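Asks: Below are the structure tokens for one structure; questions will follow.
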Amino acid sequence: MKKTFLLIILIAIVALQSCKKGAPVPQFTIPNSDFESWTSDDYLQDWTSNSCPACVPPFETYIVQKTTEAYHGQYAANLVYNGVYAAYISNKFAVTGHPSALSGYAKCQLYGVDTVSVKVRVYNANVLVDSGQWLSTASLSSYQPFTVNLTHSSAHADSVLILIRGGNKMDSNHNGSALWVDYLSLH
């Protein structure tokens with residue numbers, strides 16, 4: 001009876017250990033990762049950008065645009081080249097562990113020889129310890145998944161910077177390259 005009881009306990013422990021090994025990798029919270037939150041003046045919340053919807057120089061400055069062409073949810077971010085400078089958004093936030101990858105969805109319309117990118121920087125005590133990037137040099141007519149695998153030279157991390165940059169070329173009709181991004185997830 002004692003041996004049967006110990007055998008059952010041993011099987012239960014092994015089963016619990018197996019479940020732990022198959023547990024999903026923890027997720028990290030990216031502020032406004034689904035690009036659903038925008039101010040009433042059309043600024044993307046929780047992200048820094050070079051977009052200025054309220055500015056009125058002789059060229060378009062609303063270059064990080066709220067769009068309903070979303071992969072997930074109601075909105076996505078559209079980074080449009082205005083003929084003067086490439087659009088970008090960035091977000092630096094705290095993490096409690098070291099992520100291994102960033103995933104998301106993107107589509108783009110590129111003109112000429114152009115590049116759009118998603119860069120990730122991992123910091124510990126304000127020192128860059130790891131990084132990764134995704135680049136596209138070809139147009140993507142529909143949302144495609146992308147993954148930025150991160151280097152893992154340090155076991156420690158306390159913050160992550162995500163930098164997304166649109167293109168910098170125009171077609172003959174003065175349409176600027178555009179990058180749509182949505183539904184980011186840090187693993």
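Residue numbering restarts at 1 for every chain of the structure tokens, chains are lettered A, B, ... in their displayed order, and ligands are numbered from 1 as they appear.
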Compile a residue-level contact table for segment 20-104 of chain A against segment 117-132 of chain A at a cut-off of 12 Å, reporting for every qualifying residue the shortest atom pair and its distance in Å to one decimal, with only C-alpha atoms counted, rows ordered by chain and ascending number, as JSON lines.
Replies:
```
{"residue": "A:Leu79", "atom": "CA", "partner": "A:Ser117", "partner_atom": "CA", "distance": 11.0}
{"residue": "A:Ala86", "atom": "CA", "partner": "A:Ser117", "partner_atom": "CA", "distance": 11.2}
{"residue": "A:Ala87", "atom": "CA", "partner": "A:Ser117", "partner_atom": "CA", "distance": 11.0}
{"residue": "A:Tyr88", "atom": "CA", "partner": "A:Ser117", "partner_atom": "CA", "distance": 9.5}
{"residue": "A:Ile89", "atom": "CA", "partner": "A:Val118", "partner_atom": "CA", "distance": 9.7}
{"residue": "A:Ser90", "atom": "CA", "partner": "A:Lys119", "partner_atom": "CA", "distance": 9.4}
{"residue": "A:Asn91", "atom": "CA", "partner": "A:Val120", "partner_atom": "CA", "distance": 9.8}
{"residue": "A:Lys92", "atom": "CA", "partner": "A:Arg121", "partner_atom": "CA", "distance": 9.0}
{"residue": "A:Phe93", "atom": "CA", "partner": "A:Tyr123", "partner_atom": "CA", "distance": 10.0}
{"residue": "A:Ala94", "atom": "CA", "partner": "A:Tyr123", "partner_atom": "CA", "distance": 9.3}
{"residue": "A:Val95", "atom": "CA", "partner": "A:Val122", "partner_atom": "CA", "distance": 9.4}
{"residue": "A:Thr96", "atom": "CA", "partner": "A:Asn124", "partner_atom": "CA", "distance": 10.6}
{"residue": "A:Gly97", "atom": "CA", "partner": "A:Asn124", "partner_atom": "CA", "distance": 10.1}
{"residue": "A:His98", "atom": "CA", "partner": "A:Val122", "partner_atom": "CA", "distance": 7.9}
{"residue": "A:Pro99", "atom": "CA", "partner": "A:Val122", "partner_atom": "CA", "distance": 8.3}
{"residue": "A:Ser100", "atom": "CA", "partner": "A:Gly132", "partner_atom": "CA", "distance": 9.5}
{"residue": "A:Ala101", "atom": "CA", "partner": "A:Gly132", "partner_atom": "CA", "distance": 8.2}
{"residue": "A:Leu102", "atom": "CA", "partner": "A:Val120", "partner_atom": "CA", "distance": 7.7}
{"residue": "A:Ser103", "atom": "CA", "partner": "A:Val118", "partner_atom": "CA", "distance": 10.0}
{"residue": "A:Gly104", "atom": "CA", "partner": "A:Val118", "partner_atom": "CA", "distance": 9.8}
```
Asks: When you look at Lys66 of chain A with a cut-off of 8 Å (counting only C-alpha atoms), what residues show up, excluding the ones that are within fewer than 2 positions of it in the same chain? I need them as a VMD selection string.
Replies: chain A and resid 38 42 44 64 68 75 to 78
Asks: Quick one: which segment 32-150 of chain A residues come within 7 Å of segment 171-178 of chain A, and what is the nearest atom pair for each with the distance in Å to one decimal, counting only C-alpha atoms, rows ordered by chain and ascending number, as a Markdown table?
Replies:
```
| residue | atom | partner | partner_atom | distance |
| --- | --- | --- | --- | --- |
| A:Asn78 | CA | A:Ala178 | CA | 6.7 |
| A:Leu79 | CA | A:Ala178 | CA | 5.5 |
| A:Val80 | CA | A:Ala178 | CA | 4.4 |
| A:Tyr81 | CA | A:Gly176 | CA | 4.6 |
| A:Asn82 | CA | A:Gly176 | CA | 6.0 |
| A:Gly83 | CA | A:Gly176 | CA | 6.7 |
| A:Cys108 | CA | A:Ala178 | CA | 5.5 |
| A:Gln109 | CA | A:Ala178 | CA | 5.2 |
| A:Leu110 | CA | A:Ser177 | CA | 4.6 |
| A:Tyr111 | CA | A:Asp171 | CA | 5.6 |
```
Asks: Could you work out how far atom CA of Gln45 of chain A lies from atom CA of Thr147 of chain A, giving the answer in Å with one decimal?
Replies: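 Atom-to-atom, atom CA of Thr147 of chain A to atom CA of Gln45 of chain A, that is 23.2 Å.
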Asks: Can you list every residue in segment 4-178 of chain A that DSSP puts in strand (DSSP E), as a PyMOL selection string?
Replies: chain A and resi 48-49+64-67+76-80+88-94+101-109+116-124+127-136+140-149+159-165+178
Asks: Taking only C-alpha atoms into account, which of A:Leu186, A:Ile162, A:Leu135, A:His72 comes nearest Asp46 of chain A?
Replies: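 Answer, going by the shortest atom-to-atom distance: A:Ile162.
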Asks: Which residue out of A:Trp134, A:Tyr85, A:Phe35, A:Phe28 has the minimum interatomic distance to Trp180 of chain A when only C-alpha atoms are used?
Replies: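 For Trp180 of chain A, the nearest of the candidates is A:Phe35.
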Asks: Please return as a PyMOL selection string: the residues of chain A that backbone DSSP assigns to alpha helix (DSSP H).
Replies: chain A and resi 2-21
Asks: With distances taken over only C-alpha atoms, which residue among A:Pro145, A:Gly73, A:Gly112, A:Gly167 lies nearest Asp34 of chain A?
Replies: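 The shortest atom-to-atom distance to Asp34 of chain A comes from A:Gly73.
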Asks: Using only C-alpha atoms, which protein or nucleic acid residues come within 8 Å of Val116 of chain A? Drop anything in the same chain fewer than 2 positions from it, and give the result as a list in words.
Replies: Asp114, Val118, Leu135, Ser136, Thr137, Ile164, Arg165, Gly166, Gly167 and Leu179 of chain A
Asks: Suppose you want the space between atom CA of Ser33 of chain A and atom CA of Leu184 of chain A; what is it in Å?
Replies: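 So the two atoms, atom CA of Ser33 of chain A and atom CA of Leu184 of chain A, lie 5.1 Å apart.
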Asks: What does the distance from atom CA of Ser142 of chain A to atom CA of Leu163 of chain A come to in Å, to one decimal?
Replies: 21.6 Å
